[in-house]
Amino acid sequence: MPYGEYAQCPCCGKTAYGKDDIEQEFGYRNMGDGRYIPQSYCRECRSAHCEAGKPCKVK
Ligand SMILES: [Zn+2]
């Protein structure tokens with residue numbers, strides 16, 4: 001697996017390996033210059049509106 005095909009949510013600690021898992025658990029963000037990078041927060045945290053520095057609402 002290429003470097004970078006890994007994502008970890010800094011909020012709940014969820015990890016995903018590989019494009020399919022990352023797409024499913026995190027989703028990708030289009031940077032607008034042809035690059036797609038994993039979202040930093042997982043879908044669950046984003047849908048729960050977790051914020052940096054605050055307790056995770058998903059856990
Ligand atoms: Zn999370």
# chains A, B, ... in the order shown; residues from 1 in each chain; ligands from 1
>>> closest_atom_pairs(of="chain A", to="ligand 1", cutoff="10 Å", atoms="only C-alpha atoms and all ligand atoms", output="JSON lines")
{"residue": "A:Gln8", "atom": "CA", "partner": "ligand 1", "partner_atom_place_in_ligand_line": "1 (Zn)", "distance": 8.0}
{"residue": "A:Cys9", "atom": "CA", "partner": "ligand 1", "partner_atom_place_in_ligand_line": "1 (Zn)", "distance": 4.7}
{"residue": "A:Pro10", "atom": "CA", "partner": "ligand 1", "partner_atom_place_in_ligand_line": "1 (Zn)", "distance": 6.7}
{"residue": "A:Cys11", "atom": "CA", "partner": "ligand 1", "partner_atom_place_in_ligand_line": "1 (Zn)", "distance": 4.9}
{"residue": "A:Cys12", "atom": "CA", "partner": "ligand 1", "partner_atom_place_in_ligand_line": "1 (Zn)", "distance": 4.1}
{"residue": "A:Gly13", "atom": "CA", "partner": "ligand 1", "partner_atom_place_in_ligand_line": "1 (Zn)", "distance": 6.0}
{"residue": "A:Lys14", "atom": "CA", "partner": "ligand 1", "partner_atom_place_in_ligand_line": "1 (Zn)", "distance": 5.7}
{"residue": "A:Thr15", "atom": "CA", "partner": "ligand 1", "partner_atom_place_in_ligand_line": "1 (Zn)", "distance": 8.6}
{"residue": "A:Glu25", "atom": "CA", "partner": "ligand 1", "partner_atom_place_in_ligand_line": "1 (Zn)", "distance": 8.8}
{"residue": "A:Phe26", "atom": "CA", "partner": "ligand 1", "partner_atom_place_in_ligand_line": "1 (Zn)", "distance": 8.4}
{"residue": "A:Ser40", "atom": "CA", "partner": "ligand 1", "partner_atom_place_in_ligand_line": "1 (Zn)", "distance": 8.6}
{"residue": "A:Tyr41", "atom": "CA", "partner": "ligand 1", "partner_atom_place_in_ligand_line": "1 (Zn)", "distance": 5.3}
{"residue": "A:Cys42", "atom": "CA", "partner": "ligand 1", "partner_atom_place_in_ligand_line": "1 (Zn)", "distance": 4.3}
{"residue": "A:Arg43", "atom": "CA", "partner": "ligand 1", "partner_atom_place_in_ligand_line": "1 (Zn)", "distance": 6.8}
{"residue": "A:Glu44", "atom": "CA", "partner": "ligand 1", "partner_atom_place_in_ligand_line": "1 (Zn)", "distance": 5.7}
{"residue": "A:Cys45", "atom": "CA", "partner": "ligand 1", "partner_atom_place_in_ligand_line": "1 (Zn)", "distance": 4.3}
{"residue": "A:Arg46", "atom": "CA", "partner": "ligand 1", "partner_atom_place_in_ligand_line": "1 (Zn)", "distance": 7.3}
{"residue": "A:Ser47", "atom": "CA", "partner": "ligand 1", "partner_atom_place_in_ligand_line": "1 (Zn)", "distance": 9.5}
{"residue": "A:Ala48", "atom": "CA", "partner": "ligand 1", "partner_atom_place_in_ligand_line": "1 (Zn)", "distance": 9.0}
{"residue": "A:His49", "atom": "CA", "partner": "ligand 1", "partner_atom_place_in_ligand_line": "1 (Zn)", "distance": 10.0}
{"residue": "A:Cys50", "atom": "CA", "partner": "ligand 1", "partner_atom_place_in_ligand_line": "1 (Zn)", "distance": 8.0}
{"residue": "A:Cys56", "atom": "CA", "partner": "ligand 1", "partner_atom_place_in_ligand_line": "1 (Zn)", "distance": 7.6}
{"residue": "A:Lys57", "atom": "CA", "partner": "ligand 1", "partner_atom_place_in_ligand_line": "1 (Zn)", "distance": 8.8}
{"residue": "A:Val58", "atom": "CA", "partner": "ligand 1", "partner_atom_place_in_ligand_line": "1 (Zn)", "distance": 7.0}
{"residue": "A:Lys59", "atom": "CA", "partner": "ligand 1", "partner_atom_place_in_ligand_line": "1 (Zn)", "distance": 8.5}
>>> write_last_selection(atoms="N, CA, C and O atoms", output="short mmCIF file (atom, residue, chain, number, x, y, z; two decimals), in the first residue's frame")
data_model
loop_
_atom_site.label_atom_id
_atom_site.label_comp_id
_atom_site.auth_asym_id
_atom_site.auth_seq_id
_atom_site.Cartn_x
_atom_site.Cartn_y
_atom_site.Cartn_z
N GLN A 8 -5.93 8.40 10.58
CA GLN A 8 -6.33 8.21 11.97
C GLN A 8 -7.05 9.46 12.44
O GLN A 8 -6.58 10.58 12.24
N CYS A 9 -8.20 9.25 13.04
CA CYS A 9 -8.97 10.37 13.56
C CYS A 9 -8.34 10.85 14.86
O CYS A 9 -8.17 10.05 15.79
N PRO A 10 -7.96 12.12 14.95
CA PRO A 10 -7.34 12.64 16.17
C PRO A 10 -8.34 12.75 17.31
O PRO A 10 -7.95 12.98 18.46
N CYS A 11 -9.59 12.60 17.00
CA CYS A 11 -10.64 12.79 18.01
C CYS A 11 -10.98 11.48 18.70
O CYS A 11 -10.78 11.33 19.89
N CYS A 12 -11.46 10.49 17.94
CA CYS A 12 -11.88 9.23 18.56
C CYS A 12 -10.81 8.16 18.41
O CYS A 12 -10.90 7.11 19.02
N GLY A 13 -9.77 8.42 17.59
CA GLY A 13 -8.69 7.46 17.46
C GLY A 13 -8.92 6.38 16.42
O GLY A 13 -8.10 5.49 16.26
N LYS A 14 -10.04 6.45 15.71
CA LYS A 14 -10.34 5.47 14.68
C LYS A 14 -9.27 5.49 13.59
O LYS A 14 -8.78 6.55 13.21
N THR A 15 -8.89 4.32 13.12
CA THR A 15 -7.92 4.25 12.05
C THR A 15 -8.52 3.55 10.85
O THR A 15 -9.39 2.69 10.99
N GLU A 25 -14.69 5.31 5.99
CA GLU A 25 -14.67 5.80 7.37
C GLU A 25 -14.39 7.29 7.48
O GLU A 25 -14.80 7.93 8.45
N PHE A 26 -13.66 7.83 6.54
CA PHE A 26 -13.26 9.24 6.63
C PHE A 26 -13.77 10.08 5.47
O PHE A 26 -14.22 11.19 5.66
N SER A 40 -9.42 14.77 8.04
CA SER A 40 -8.68 14.50 9.27
C SER A 40 -9.58 13.85 10.31
O SER A 40 -9.15 12.98 11.06
N TYR A 41 -10.82 14.26 10.36
CA TYR A 41 -11.76 13.64 11.29
C TYR A 41 -12.59 12.59 10.56
O TYR A 41 -12.96 12.78 9.40
N CYS A 42 -12.92 11.51 11.27
CA CYS A 42 -13.74 10.47 10.65
C CYS A 42 -15.17 10.98 10.45
O CYS A 42 -15.57 12.00 11.01
N ARG A 43 -15.92 10.24 9.64
CA ARG A 43 -17.29 10.66 9.33
C ARG A 43 -18.13 10.77 10.60
O ARG A 43 -18.96 11.68 10.73
N GLU A 44 -17.94 9.84 11.53
CA GLU A 44 -18.74 9.84 12.75
C GLU A 44 -18.52 11.13 13.55
O GLU A 44 -19.46 11.77 14.01
N CYS A 45 -17.24 11.49 13.72
CA CYS A 45 -16.94 12.70 14.47
C CYS A 45 -17.45 13.93 13.74
O CYS A 45 -17.96 14.86 14.35
N ARG A 46 -17.33 13.93 12.42
CA ARG A 46 -17.80 15.10 11.69
C ARG A 46 -19.31 15.23 11.78
O ARG A 46 -19.84 16.32 11.94
N SER A 47 -20.01 14.08 11.73
CA SER A 47 -21.47 14.16 11.81
C SER A 47 -21.91 14.48 13.23
O SER A 47 -22.99 15.02 13.45
N ALA A 48 -21.05 14.17 14.22
CA ALA A 48 -21.36 14.53 15.61
C ALA A 48 -20.87 15.94 15.94
O ALA A 48 -21.03 16.40 17.06
N HIS A 49 -20.23 16.59 14.97
CA HIS A 49 -19.71 17.95 15.15
C HIS A 49 -18.69 18.03 16.27
O HIS A 49 -18.73 18.96 17.08
N CYS A 50 -17.82 17.03 16.33
CA CYS A 50 -16.73 17.09 17.29
C CYS A 50 -15.81 18.25 16.91
O CYS A 50 -15.66 18.58 15.74
N CYS A 56 -14.45 14.06 22.70
CA CYS A 56 -15.09 13.42 21.56
C CYS A 56 -16.51 13.04 21.92
O CYS A 56 -16.77 12.46 22.96
N LYS A 57 -17.45 13.37 21.03
CA LYS A 57 -18.86 13.07 21.30
C LYS A 57 -19.24 11.66 20.84
O LYS A 57 -20.35 11.21 21.09
N VAL A 58 -18.33 11.02 20.11
CA VAL A 58 -18.65 9.70 19.56
C VAL A 58 -18.37 8.61 20.58
O VAL A 58 -19.08 7.63 20.68
N LYS A 59 -17.32 8.80 21.36
CA LYS A 59 -16.90 7.78 22.31
C LYS A 59 -17.97 7.51 23.36
O LYS A 59 -18.56 8.46 23.87
#
>>> residues_around(residues="Gly18 in chain A", least_positions_apart="2", cutoff="6 Å", atoms="only C-alpha atoms", output="ChimeraX atom specification")
/A:5,20-21
>>> write_last_selection(atoms="N, CA and C atoms", output="mmCIF file, in the first residue's frame")
data_model
loop_
_atom_site.group_PDB
_atom_site.id
_atom_site.type_symbol
_atom_site.label_atom_id
_atom_site.label_comp_id
_atom_site.auth_asym_id
_atom_site.auth_seq_id
_atom_site.Cartn_x
_atom_site.Cartn_y
_atom_site.Cartn_z
ATOM 1 N N GLU A 5 -1.694 5.987 2.537
ATOM 2 C CA GLU A 5 -3.005 5.346 2.490
ATOM 3 C C GLU A 5 -3.379 4.859 3.878
ATOM 4 N N ASP A 20 -10.219 2.161 0.247
ATOM 5 C CA ASP A 20 -11.620 1.815 0.453
ATOM 6 C C ASP A 20 -12.054 2.114 1.879
ATOM 7 N N ASP A 21 -11.217 1.706 2.846
ATOM 8 C CA ASP A 21 -11.547 1.960 4.244
ATOM 9 C C ASP A 21 -11.565 3.452 4.538
#
>>> select_by_dssp(residues="chain A", states="alpha helix (DSSP H)", output="VMD selection string")
chain A and resid 18 to 25 43 to 47
>>> write_last_selection(atoms="C-alpha atoms", output="tab-separated table (two decimals), in the first residue's frame")
chain	number	residue	atom	x	y	z
A	18	GLY	CA	-6.30	1.66	2.32
A	19	LYS	CA	-8.40	3.75	-0.01
A	20	ASP	CA	-11.62	1.82	0.45
A	21	ASP	CA	-11.55	1.96	4.24
A	22	ILE	CA	-10.53	5.60	4.25
A	23	GLU	CA	-13.28	6.46	1.80
A	24	GLN	CA	-15.79	4.61	3.94
A	25	GLU	CA	-14.67	5.80	7.37
A	43	ARG	CA	-17.29	10.66	9.33
A	44	GLU	CA	-18.74	9.84	12.75
A	45	CYS	CA	-16.94	12.70	14.47
A	46	ARG	CA	-17.80	15.10	11.69
A	47	SER	CA	-21.47	14.16	11.81
>>> select_by_dssp(residues="chain A", states="strand (DSSP E)", output="compact mmCIF listing (two decimals) with C-alpha atoms, in the first residue's frame")
# COMPACT_ATOMS: atom_id res chain seq x y z
CA TYR A 6 -3.69 5.53 6.16
CA ALA A 7 -5.84 7.80 8.26
CA GLN A 8 -6.33 8.21 11.97
CA THR A 15 -7.92 4.25 12.05
CA ALA A 16 -8.46 3.26 8.43
CA TYR A 17 -6.02 1.59 6.06
CA TYR A 28 -11.60 12.26 0.90
CA ARG A 29 -11.27 15.97 0.50
CA ASN A 30 -10.53 17.55 -2.87
CA TYR A 36 -7.28 14.17 -2.68
CA ILE A 37 -6.39 13.79 0.97
CA PRO A 38 -8.27 11.95 3.69
